[in-house]
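Read through the structure below, which is laid out as C-alpha cells, and then see the notes.
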Amino acid sequence: MPVYNQSRSRIIQVIFILVFLVIILQLLNLQIFSTEYKLQAENNAIYRKVVYPDRGIIYDRHGKAVLENTIMYDLMVTPSEVKGSDTNAICNILGIDTAEFRKRIIASIIKNSRYKPSVFEPLISDTLFARLNESMYKFQGFNITERPVRAYPFHSAANVLGYLGEVDTNFLKRHSGEGYEPGDYAGMTGLERSYEKVLMGQRGVKRYIRDNKNRIQGSYNNGLYDTSAIAGRNLYTSMDEDLQLLAEKLLQNKIGSVVAINPKTGGILAMATAPTYDPVMLTGSQRRKNFGRLILDTARPLLNRAIKGQYPPGSTYKPLSALIALDEGIITPSYGYPCAGAYYSCGRPVKCTEHIPGHSKNLRTAIAYSCNSYFSNVFRLIVDNPRYHNVRLGYLEWKHYMNAFGYGTDLSADLPGEDDGNIPDTSGYNKDFGGPHWNSCNIVTLGIGQDRMLATPLQIANAMCIIANKGYYYTPHFVDSIENETPADSQFVGKYRIKHVPLEHISDSSFNTVQLGMHDVSVFGTAHAAAIPGIDICAKTGTAQNPHGKDHSLFVAFAPMQNPKIAICVVIENAGFGATWAAPIASLLLEKYLKDSIAADRQPMVDRILKADLIPAAIRHWYIARDSIKLLKESQKINADAAPVFKNNLETSKPVTYDPEAEPNRNDNDSGTNRNNRKDSIKYKQELDKQEKKYNPKPKQK
Amino acid sequence: MSSSYSRSASKNIDWLLVFLYALLVAIGVLCIFMVEYNPATFSADSFFNGNTNYSKQILFSGICIVVATFIILSDSKLYPAFANLLYVFGILLMLSVFVIGKDINGSKSWIPLGGGFNLQPAELCKVFAALALAKYLSQLNMDFTKLQSQFIAAVLALSPALISILQNETGLALVYMSFFVVMYREGLPGMILVIGFSFGALVVATLLVEKNTLAIILTLLAAFIVFALRRQIFVRKRWNIFILIISVWVFCVGIQRFAVPYIFNNVFECYQSQRIYSAVGKDYDCSQNKHAQQSEASSGKAAVKPDDYNVRQSKIAIGSGGFLGKGFLKGTQTRGKYVPEQHTDFIFTSLSEAFGFVGSFLFLGIYFILLFRIIQVAERQRSVFSRVYAYSVASILFFHIAVNVCMTVGLFPVIGIPLPLVSYGGSSLLTFTIMLFILIRLDADRQMVLR
C-alpha cells in the first residue's frame with residue numbers, strides 16, 4: 001500500500017465536504033435569504049378567490065328599502081381551459097360571432113392572464129342563464145358565478161342613489177390597499193359613492209391550492225388564512241319614498257328639480273331631478289348600451305340638477321335681502337318704496353310685475369307682491385351703506401351675509417359633486433367693469449336675484465330652512481344613521497348633526513317679519529294658488545330670467561309656519577312664471593307630506609301638471625331623433641365601464657370658456673355670438689363639451 | 001446448526017450502514033407519498049394496492065429486503081470470484097438493450113420485464129463495473145503506477161459509460177466518471193484530477209466570461225507563470241517548461257475560443273446547451289445551434305425555445321420551503337404538481353418544500369454520515385478488493401447525490417440521474433441495495449483477504 005494513500009483518503013473526504021458545503025450554501029440562499037421563491041410559489045399554487053359580500057341596503061325614513069340586492073350571474077372564462085369546448089354553441093347562445101368570441105378571450109388573457117377566470121359576459125339575463133346552464137357541460141373553461149346586483153324596488157331616486165361601475169386603473173391607484181381588484185364594482189355617483197366604504201362591506205378571500213393545470217386541489221391550509229365576507233352595512237336615510245315618487249312623477253316631461261328638506265334636522269326628504277332614468281337600467285346586462293344612451297342624451301338624465309343645476313334664484317332671494325337689510329338696520333319693517341311699475345333710479349329701468357298701487361308700502365307687502373323696485377332699492381341701500389364708505393366694502397358685507405346663508409359655497413351634503421353656485425367676488429366685477437369703477441347701479445339686478453347670482457336648488461332650499469328655523473340649519477344630508485356605526489362613520493355623519501347658526505345677530509323679529517311676508521305670498525300674494533287649506537305656508541315665487549330662453553319657474557316654501565316640518569325648493573327650467581308651474585308642484589308635495597294624501601279637489605291640478613310637457617323644443621327634437629341608427633351605433637361605441645363618470649361631479653366646474661350666464665355683465669364679442677348660437681336651453685353646455693372632448697380628444701383651448 | 005450459521009452471518013455486520021440504508025429507503029417512500037398524495041383518492045389500502053408509485057416503491061423495497069438478505073447470507077468469496085463474469089454479463093445485458101430495448105423518456109436503455117416493470121442494465125452495471133475494477137486492482141502483481149494498468153482500469157470503468165451514451169442515457173454515463181475517484185485513491189496521479197478540474201473550470205469560465213476577456217486573462221496568466229519561472233526557463237535554459245506553458249496556453253485558448261462553442265452549437269442538442277447554460281445562470285441562443293437550425297429548416301417552424309421550467313419550478317419549490325418548511329403534505333408546489341418528474345429525479349424538492357432548510361440539512365446529513373461511514377469502512381479493509389469496492393460505492397453514491405441535489409438547486413445542468421435509495425424506481429433502488437449490501441457483506445469478512 002503506497003504511503004500517500006492515507007492522505008488521498010483525506011483529500012477525497014475534503015472534496016465530499018466541500019461539495020456538501022456548496023449545496024448547503026445554495027440551500028441557505030434559496031430557502032432563507034431569498035424571498036422571491038415564496039412569492040412565486042404563492043402565485044403558482046395559491047388561488048385567491050374573492051367572495052363578494054352583499055352591499056348595504058338603503059332605507060327611507062319609514063324603513064322601506066329603496067336600494068337592495070338581487071342575484072345575477074356572470075359567465076366566467078378561464079382561457080387556458082377553453083380548448084375543445086363548443087365555441088359555436090356558446091356563440092349562438094350569447095348571440096356573438098366567433099371573431100367577437102376570440103376578441104373577448106384575448107381581452108381576458110390580457111386582463112387576468114390565461115389561467116385565471118375573467119368575466120366573459122357579465123350579468124346575464126335569466127333566459128340566457130337558463131339556456132347556458134343546461135349546456136354548461138359542453139363549455140370547458142366556462143362557468144357561471146353569482147354576483148349580487150343592486151335592485152331598486154321603486155325605480156326611483158336614480159341620481160341620489162347613484163350607480164355602480166367597474167373600477168378603472170385610476171380608481172385602483174387612488175384606493176390601493178383597500179382591497180379592490182380589476183373587475184370589481186364600486187359606487188361611482190350618489191350615495192353609492194359617498195358611502196362606498198360603508199356599503200361595500202368587507203370582501204372575503206378564500207385560498208385554494210391549485211395544480212399546474214389550474215385545477216383546484218382543496219383549500220389552502222384548511223382555510224386557516226381564509227377570511228369570510230362581511231356584508232355591507234345598511235344606511236337609514238331621511239328620504240321619504242312617497243314624497244320622492246310624487247316629486248319625480250310631477251317632474252315628468254319637465255326639466256328641473258325638487259329638493260325638500262326637514263328643517264329641524266337637515267334631513268333631505270326628497271330630491272328629484274328631471275329628466276332622470278330608471279336606475280335598473282344601469283344594473284343588468286343592458287348596462288353598457290343604456291349607459292351609452294344616457295350619456296349622449298342632450299337633456300342630461302345622469303345629471304343631478306338638485307346639486308349641480310345652477311340657477312339664478314330670482315325673487316326667491318328677496319326674503320334673504322330683507323333679512324340682511326333688517327339686520328343691518330337699513331330698513332325697518334314699515335319701510336316703503338313708491339313703486340311705479342319699475343325701478344328707474346339706475347338708468348335702464350328694472351320692471352316690476354306688480355301694479356297694484358301700494359303693493360310696496362311696507363316690507364311685508366313688498367315680499368308678498370315680490371316688488372322688484374322695492375328690492376332693487378333695498379339692495380342698493382345695503383351695498384351703499386354709509387357705514388362702509390365704499391360700494392365694494394358694502395358689497396363684501398352683503399356677500400358675507402349671502403355666504404352665511406349658504407349661497408356661493410357648497411354645503412357639503414353627503415352627495416358627491418355638489419356645485420358652489422355663484423356669489424361673485426368684487427374682483428369679478430372689477431374685471432367686468434374694467435377696474436373698481438362700478439357702483440350699486442351697475443349690479444342692481446342682484447337685488448332681484450339675477451345678475452351673476454347663481455344657486456343650486458339644494459342651496460335655495462337650505463336657505464329656506466334657515467328662515468323657517470329663524471336662524472339655524474343642519475347641513476342637508478340623506479343618511480341619518482348607519483348600521484353598527486363605527487367611530488369613522490360617526491366622524492363622517494357627525495358633521496350632519498351639528499347645528500349651524502350662521503347669523504346669530506339676526507333678530508327673531510326680523511325673521512318674523514319676513515315669515516309673515518312669505519306667509520302673505522300664499523294667502524293673497526303671488527302664490528295664493530299654492531295655498532293649502534288648514535296649513536300656514538310661507539312661500540316665495542321666483543321667475544328667473546336667463547340667457548337660454550324662457551324664464552325659469554322657481555318656488556320656495558316651508559310649512560307649517562309655526563312649526564316648520566318641510567322646506568322645499570322647486571325649479572322648472574324654461575317654464576315661465578314661478579306661480580304657474582313650480583308653485584303648484586311645491587304645493588302638492590307639501591300637501592302630500594303634511595297631510596299624507598292629496599285632496600280630491602286638487603286632483604285636476606295634479607293632472608294639469610302631469611300632462612304639461614315643458615321640455616324645450618330643441619331637446620324634444622333631439623328625443624325624436626334619438627332612435628336613429630346613427631345614435632344607436634354611437635352609443636354602442638362607448639364602453640360603459642371605461643367611460644368616465646361625469647368628471648364635473650368630482651371637481652368644481654369652473655367655466656372653461658366664457659359663460660354668458662355666469663358673467664352677464666361682460667360684454668365682449670364672443671358673448672354676442674354665443675348668445676345667438678345658443679338655440680337650446682341646456683345650461684350645461686360647457687360640461688357637455690367637456691365630455692365630448694374626452695371622446696374626441698382635441699387640443700385644449702385655453 | 002442453522003442458528004449458529006445465522007449468528008456467524010450476522011456477525012461483524014455494520015448495523016449503522018444497514019440502519020442508514022433503511023432510513024433512506026423509508027424517507028424515499030415518504031417523499032414519493034408526499035408527491036402523489038391526493039386527499040380525494042387517498043385511502044389506507046393505496047399503500048399496498050400497487051396502483052400508486054409509493055405502493056410500488058414499497059413493493060420494490062420488499063424485493064430489496066429479500067435480495068439484501070440473500071447477499072448477507074452469501075459467501076463473500078463469491079464476489080471476487082464472479083467479478084469478471086458478472087462484468088461481462090452486465091456488458092452483454094447492456095448490449096442486449098439495442099435488440100430488445102424499450103424506449104422510455106427518449107432513452108433506449110430499458111429491458112421490459114413484463115408486468116409493467118422494466119430494468120435499466122446501465123444502473124445494474126455500475127455494481128459489476130465496481131466489482132470488476134476492484135478485482136483488477138486487487139491483483140497480486142498489480143502496479144498501478146504503470147500507465148498500462150491505469151489505462152486498463154479506465155477502459156474497465158468507461159466501457160459501460162460508452163454503451164450508455166449510445167443508448168442516449170448521458171446522465172448515467174457520467175456516473176462512471178466517479179470511478180476516477182477510486183483510481184485516484186489507488187494511486188492514479190493527482191495531476192489527472194487537477195487537470196480534470198481545471199478543464200471543467202475552463203469550460204464553465206468560457207460560458208460565463210466574455211470570450212475576449214477570458215483570452216486576455218489566460219494570456220496574462222501564462223505570461224505571469226513564465227515570469228515567475230523566468231530563472232528556470234531563461235537562465236537555466238529549460239525550454240521544455242516554456243514550450244509546455246505555451247502549449248497549455250494554446251490549448252486553453254483553443255478550447256475556449258473554438259472547441260466549446262463548436263461543441264455547444266454542433267454536437268449538443270439545443271436543450272442540452274440550454275440546460276448547461278442555465279446551470280451557470282446564462283441564457284443560450286438556440287438560433288446558433290445546428291440541430292435547432294436543421295429541425296427548423298425541415299419543419300419550417302421556428303424551434304421552440306427550450307425552457308428551464310424544470311429547474312425554475314424546482315427552485316421555487318425548494319425556496320418556498322423556507323427555514324422550517326410548509327409541513328408534511330402541505331407543500332403547495334408538490335400538491336400542485338408544479339415540478340416535473342418530482343417522484344424520480346426531483347424527489348429532493350418535495351422533502352425540501354415540506355421540511356424546509358432544517359429538513360434538507362438533516363437529510364443531507366444522513367447521506368453525509370453514510371458516505372463517511374463507507375470511507376471509514378473502506379479504510380479498515382485488509383483486502384484491496386474490498387477497499388476498492390468500498391471506494392467505488394462511496395464515489396458512485398457521492399456522484400449521484402451531488403449531481404442530483406445540485407441539479408435540483410440549480411447548480412448543475414439537468415441530467416436525469418436519481419437520488420440514491422430515495423428516488424422512485426426499482427432498478428435504481430435494487431442497484432444501490434445490491435451495491436451497499438455487497439459492501440456490508442465484504443466488510444463483515446474484513447479479516448479475510450479476498451482476491
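Letters A, B, ... go to the chains of the C-alpha cells in the order shown; residues in each chain start at 1; ligands are counted from 1 in the same order.
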
- Message: I'd like the contact shell of B:Phe432 - 10 Å cut-off, only C-alpha atoms, skipping same-chain residues fewer than 3 positions apart - returned as a VMD selection string.
- Response: chain B and resid 21 64 123 to 124 126 to 127 393 396 to 397 420 to 421 426 to 429 435 to 438

- Item | Proximal residues of chain A relative to chain B (only C-alpha atoms; 10 Å) as a count of residues only | 54

- atom CA of A:Ser194 to atom CA of A:Thr145: how many Å, to one decimal? 28.1 Å

- Task: Find the spatial neighbours of B:Thr69, counting only C-alpha atoms, within a cut-off of 12 Å - ignore same-chain residues fewer than 6 positions away - and output them as a PyMOL selection string.
- Result: chain B and resi 6+9-10+13+18+62-63+75+433-434+436-438+440-441

For stretch 222-227 of chain B, list every protein, DNA or RNA residue within 9 Å, evaluated using only C-alpha atoms, and leave out those in the same chain fewer than 2 positions away; present the list as a PDB file with C-alpha atoms, in the first residue's frame.
ATOM      1  CA  ILE B 217      -6.981  36.619 -18.710  1.00  0.00           C
ATOM      2  CA  LEU B 218      -5.486  33.333 -19.924  1.00  0.00           C
ATOM      3  CA  THR B 219      -2.705  35.144 -21.738  1.00  0.00           C
ATOM      4  CA  LEU B 220      -1.880  37.217 -18.680  1.00  0.00           C
ATOM      5  CA  LEU B 229       9.673  30.793 -13.783  1.00  0.00           C
ATOM      6  CA  ARG B 230      11.929  33.120 -15.785  1.00  0.00           C
ATOM      7  CA  ARG B 231      15.030  31.968 -13.872  1.00  0.00           C
ATOM      8  CA  ILE B 233      13.482  28.989 -18.284  1.00  0.00           C
ATOM      9  CA  ILE B 241       8.951  24.210 -19.466  1.00  0.00           C
ATOM     10  CA  PHE B 242       8.463  27.222 -21.684  1.00  0.00           C
ATOM     11  CA  ILE B 245       3.393  26.598 -20.813  1.00  0.00           C
ATOM     12  CA  ILE B 246       2.929  27.876 -24.337  1.00  0.00           C
ATOM     13  CA  VAL B 248      -1.098  24.658 -22.458  1.00  0.00           C
ATOM     14  CA  TRP B 249      -1.917  28.289 -23.218  1.00  0.00           C
TER      15      TRP B 249
END

- Task: Write out as a count of residues only the residues lying within 9 Å of B:Phe346, counting only C-alpha atoms and excluding same-chain residues fewer than 3 positions away.
- Result: 16

Give me, as a PDB file with C-alpha atoms, in the first residue's frame, all polymer residues having an atom no more than 8 Å from A:Val493, counting only C-alpha atoms and skipping those fewer than 4 positions away in the same chain.
ATOM      1  CA  VAL A 479     -78.138  59.491   5.791  1.00  0.00           C
ATOM      2  CA  ASP A 480     -79.421  59.775   9.321  1.00  0.00           C
ATOM      3  CA  SER A 481     -77.700  56.731  10.702  1.00  0.00           C
ATOM      4  CA  ASP A 489     -68.633  56.664  10.341  1.00  0.00           C
ATOM      5  CA  ARG A 497     -75.595  66.500  13.395  1.00  0.00           C
TER       6      ARG A 497
END

Polymer residues at most 12 Å from stretch 83-98 of chain B, only C-alpha atoms, same-chain spacing of 2 or more positions, as an mmCIF file with N, CA and C atoms, in the first residue's frame:
data_model
loop_
_atom_site.group_PDB
_atom_site.id
_atom_site.type_symbol
_atom_site.label_atom_id
_atom_site.label_comp_id
_atom_site.auth_asym_id
_atom_site.auth_seq_id
_atom_site.Cartn_x
_atom_site.Cartn_y
_atom_site.Cartn_z
ATOM 1 N N SER B 76 -18.660 -14.198 0.930
ATOM 2 C CA SER B 76 -18.011 -13.040 0.331
ATOM 3 C C SER B 76 -16.979 -13.444 -0.710
ATOM 4 N N LYS B 77 -16.538 -14.692 -0.690
ATOM 5 C CA LYS B 77 -15.568 -15.105 -1.700
ATOM 6 C C LYS B 77 -16.191 -15.149 -3.096
ATOM 7 N N LEU B 78 -17.520 -15.248 -3.116
ATOM 8 C CA LEU B 78 -18.239 -15.264 -4.381
ATOM 9 C C LEU B 78 -17.915 -14.046 -5.233
ATOM 10 N N TYR B 79 -17.802 -12.892 -4.582
ATOM 11 C CA TYR B 79 -17.759 -11.644 -5.342
ATOM 12 C C TYR B 79 -16.469 -11.453 -6.123
ATOM 13 N N PRO B 80 -15.328 -11.615 -5.456
ATOM 14 C CA PRO B 80 -14.126 -11.559 -6.299
ATOM 15 C C PRO B 80 -14.103 -12.669 -7.333
ATOM 16 N N ALA B 81 -14.679 -13.839 -6.983
ATOM 17 C CA ALA B 81 -14.643 -14.961 -7.909
ATOM 18 C C ALA B 81 -15.452 -14.679 -9.154
ATOM 19 N N ILE B 100 -33.508 -5.786 -27.713
ATOM 20 C CA ILE B 100 -34.839 -5.936 -27.123
ATOM 21 C C ILE B 100 -35.230 -4.718 -26.282
ATOM 22 N N GLY B 101 -34.504 -3.636 -26.460
ATOM 23 C CA GLY B 101 -34.702 -2.482 -25.586
ATOM 24 C C GLY B 101 -36.036 -1.790 -25.798
ATOM 25 N N LYS B 102 -36.358 -1.001 -24.811
ATOM 26 C CA LYS B 102 -37.615 -0.274 -24.831
ATOM 27 C C LYS B 102 -37.300 1.202 -24.608
ATOM 28 N N ASP B 103 -38.055 2.023 -25.289
ATOM 29 C CA ASP B 103 -37.798 3.465 -25.237
ATOM 30 C C ASP B 103 -38.639 4.102 -24.133
ATOM 31 N N SER B 107 -34.829 7.667 -23.898
ATOM 32 C CA SER B 107 -33.577 6.922 -23.869
ATOM 33 C C SER B 107 -33.887 5.441 -24.000
ATOM 34 N N LYS B 108 -33.201 4.830 -24.967
ATOM 35 C CA LYS B 108 -33.487 3.418 -25.257
ATOM 36 C C LYS B 108 -32.579 2.572 -24.404
ATOM 37 N N SER B 109 -32.890 2.493 -23.104
ATOM 38 C CA SER B 109 -31.967 1.804 -22.215
ATOM 39 C C SER B 109 -32.683 0.870 -21.258
ATOM 40 N N TRP B 110 -33.861 0.459 -21.614
ATOM 41 C CA TRP B 110 -34.657 -0.343 -20.680
ATOM 42 C C TRP B 110 -34.978 -1.702 -21.280
ATOM 43 N N ILE B 111 -34.975 -2.724 -20.391
ATOM 44 C CA ILE B 111 -35.400 -4.052 -20.817
ATOM 45 C C ILE B 111 -36.746 -4.332 -20.164
ATOM 46 N N PRO B 112 -37.766 -4.560 -20.975
ATOM 47 C CA PRO B 112 -39.068 -4.818 -20.363
ATOM 48 C C PRO B 112 -39.069 -6.179 -19.670
ATOM 49 N N ASN B 118 -39.714 -2.557 -15.740
ATOM 50 C CA ASN B 118 -38.605 -2.510 -16.692
ATOM 51 C C ASN B 118 -37.300 -2.472 -15.921
ATOM 52 N N LEU B 119 -36.252 -2.968 -16.555
ATOM 53 C CA LEU B 119 -34.936 -2.958 -15.908
ATOM 54 C C LEU B 119 -34.001 -2.107 -16.742
ATOM 55 N N GLN B 120 -33.214 -1.280 -16.051
ATOM 56 C CA GLN B 120 -32.232 -0.474 -16.754
ATOM 57 C C GLN B 120 -30.850 -1.080 -16.492
ATOM 58 N N PRO B 121 -30.261 -1.820 -17.450
ATOM 59 C CA PRO B 121 -28.987 -2.517 -17.221
ATOM 60 C C PRO B 121 -27.862 -1.556 -16.851
ATOM 61 N N ALA B 122 -27.923 -0.337 -17.379
ATOM 62 C CA ALA B 122 -26.844 0.617 -17.093
ATOM 63 C C ALA B 122 -26.747 0.896 -15.603
ATOM 64 N N GLU B 123 -27.905 0.865 -14.919
ATOM 65 C CA GLU B 123 -27.898 1.023 -13.461
ATOM 66 C C GLU B 123 -27.150 -0.145 -12.809
ATOM 67 N N LEU B 124 -27.617 -1.346 -13.188
ATOM 68 C CA LEU B 124 -27.081 -2.554 -12.571
ATOM 69 C C LEU B 124 -25.593 -2.710 -12.853
ATOM 70 N N CYS B 125 -25.176 -2.257 -14.031
ATOM 71 C CA CYS B 125 -23.807 -2.441 -14.483
ATOM 72 C C CYS B 125 -22.801 -1.681 -13.631
ATOM 73 N N LYS B 126 -23.311 -0.659 -12.895
ATOM 74 C CA LYS B 126 -22.413 0.077 -12.001
ATOM 75 C C LYS B 126 -21.801 -0.869 -10.968
ATOM 76 N N VAL B 127 -22.644 -1.786 -10.443
ATOM 77 C CA VAL B 127 -22.158 -2.743 -9.444
ATOM 78 C C VAL B 127 -21.090 -3.636 -10.056
ATOM 79 N N PHE B 128 -21.411 -4.139 -11.257
ATOM 80 C CA PHE B 128 -20.485 -5.071 -11.905
ATOM 81 C C PHE B 128 -19.168 -4.378 -12.244
ATOM 82 N N ALA B 129 -19.279 -3.127 -12.700
ATOM 83 C CA ALA B 129 -18.056 -2.388 -13.027
ATOM 84 C C ALA B 129 -17.225 -2.175 -11.780
ATOM 85 N N ALA B 130 -17.911 -1.867 -10.664
ATOM 86 C CA ALA B 130 -17.193 -1.657 -9.406
ATOM 87 C C ALA B 130 -16.477 -2.940 -8.995
ATOM 88 N N LEU B 131 -17.178 -4.087 -9.120
ATOM 89 C CA LEU B 131 -16.568 -5.367 -8.762
ATOM 90 C C LEU B 131 -15.367 -5.670 -9.661
ATOM 91 N N ALA B 132 -15.569 -5.442 -10.976
ATOM 92 C CA ALA B 132 -14.508 -5.750 -11.924
ATOM 93 C C ALA B 132 -13.277 -4.887 -11.675
ATOM 94 N N LEU B 133 -13.518 -3.616 -11.377
ATOM 95 C CA LEU B 133 -12.406 -2.704 -11.087
ATOM 96 C C LEU B 133 -11.678 -3.157 -9.824
ATOM 97 N N ALA B 134 -12.482 -3.511 -8.824
ATOM 98 C CA ALA B 134 -11.883 -3.988 -7.571
ATOM 99 C C ALA B 134 -11.047 -5.236 -7.830
ATOM 100 N N LYS B 135 -11.610 -6.116 -8.628
ATOM 101 C CA LYS B 135 -10.914 -7.363 -8.957
ATOM 102 C C LYS B 135 -9.587 -7.074 -9.663
ATOM 103 N N TYR B 136 -9.653 -6.155 -10.634
ATOM 104 C CA TYR B 136 -8.461 -5.848 -11.410
ATOM 105 C C TYR B 136 -7.388 -5.209 -10.537
ATOM 106 N N LEU B 137 -7.804 -4.252 -9.706
ATOM 107 C CA LEU B 137 -6.820 -3.515 -8.907
ATOM 108 C C LEU B 137 -6.277 -4.345 -7.749
ATOM 109 N N SER B 138 -6.996 -5.432 -7.422
ATOM 110 C CA SER B 138 -6.521 -6.231 -6.285
ATOM 111 C C SER B 138 -5.642 -7.396 -6.717
ATOM 112 N N LEU B 156 -12.011 -0.476 -18.244
ATOM 113 C CA LEU B 156 -12.993 -1.241 -17.486
ATOM 114 C C LEU B 156 -14.128 -0.341 -16.990
ATOM 115 N N ALA B 157 -13.736 0.833 -16.491
ATOM 116 C CA ALA B 157 -14.729 1.727 -15.889
ATOM 117 C C ALA B 157 -15.580 2.411 -16.942
ATOM 118 N N LEU B 158 -14.967 2.719 -18.086
ATOM 119 C CA LEU B 158 -15.671 3.588 -19.026
ATOM 120 C C LEU B 158 -16.425 2.865 -20.132
ATOM 121 N N SER B 159 -16.149 1.544 -20.328
ATOM 122 C CA SER B 159 -16.884 0.835 -21.391
ATOM 123 C C SER B 159 -18.389 0.904 -21.193
ATOM 124 N N PRO B 160 -18.906 0.609 -19.982
ATOM 125 C CA PRO B 160 -20.362 0.732 -19.812
ATOM 126 C C PRO B 160 -20.861 2.154 -20.093
ATOM 127 N N ALA B 161 -20.020 3.127 -19.747
ATOM 128 C CA ALA B 161 -20.412 4.520 -19.986
ATOM 129 C C ALA B 161 -20.593 4.776 -21.472
ATOM 130 N N LEU B 162 -19.678 4.228 -22.254
ATOM 131 C CA LEU B 162 -19.749 4.411 -23.708
ATOM 132 C C LEU B 162 -21.042 3.829 -24.256
ATOM 133 N N ILE B 163 -21.354 2.608 -23.811
ATOM 134 C CA ILE B 163 -22.595 1.973 -24.276
ATOM 135 C C ILE B 163 -23.793 2.816 -23.838
ATOM 136 N N SER B 164 -23.692 3.328 -22.638
ATOM 137 C CA SER B 164 -24.780 4.142 -22.103
ATOM 138 C C SER B 164 -25.013 5.383 -22.957
ATOM 139 N N ILE B 165 -23.928 5.995 -23.395
ATOM 140 C CA ILE B 165 -24.070 7.175 -24.248
ATOM 141 C C ILE B 165 -24.770 6.800 -25.541
ATOM 142 N N LEU B 166 -24.393 5.614 -26.078
ATOM 143 C CA LEU B 166 -25.028 5.156 -27.306
ATOM 144 C C LEU B 166 -26.521 4.905 -27.094
ATOM 145 N N GLN B 167 -26.880 4.605 -25.849
ATOM 146 C CA GLN B 167 -28.299 4.397 -25.541
ATOM 147 C C GLN B 167 -29.028 5.708 -25.269
ATOM 148 N N ASN B 168 -28.297 6.817 -25.452
ATOM 149 C CA ASN B 168 -28.891 8.132 -25.213
ATOM 150 C C ASN B 168 -29.247 8.327 -23.741
ATOM 151 N N GLU B 169 -28.392 7.804 -22.880
ATOM 152 C CA GLU B 169 -28.614 7.935 -21.442
ATOM 153 C C GLU B 169 -27.358 8.586 -20.851
ATOM 154 N N PHE B 385 -9.319 -5.616 -2.635
ATOM 155 C CA PHE B 385 -10.582 -5.795 -3.346
ATOM 156 C C PHE B 385 -11.709 -5.075 -2.604
ATOM 157 N N TYR B 389 -13.631 -1.701 -3.777
ATOM 158 C CA TYR B 389 -15.082 -1.789 -3.956
ATOM 159 C C TYR B 389 -15.784 -0.760 -3.075
ATOM 160 N N ILE B 438 -23.519 -5.791 -0.763
ATOM 161 C CA ILE B 438 -22.260 -6.483 -1.069
ATOM 162 C C ILE B 438 -21.152 -5.893 -0.219
ATOM 163 N N LEU B 450 -9.312 -11.104 0.446
ATOM 164 C CA LEU B 450 -10.010 -11.541 -0.762
ATOM 165 C C LEU B 450 -9.275 -11.060 -1.995
ATOM 166 N N ARG B 451 -9.158 -11.962 -2.956
ATOM 167 C CA ARG B 451 -8.536 -11.537 -4.210
ATOM 168 C C ARG B 451 -9.374 -11.979 -5.373
#
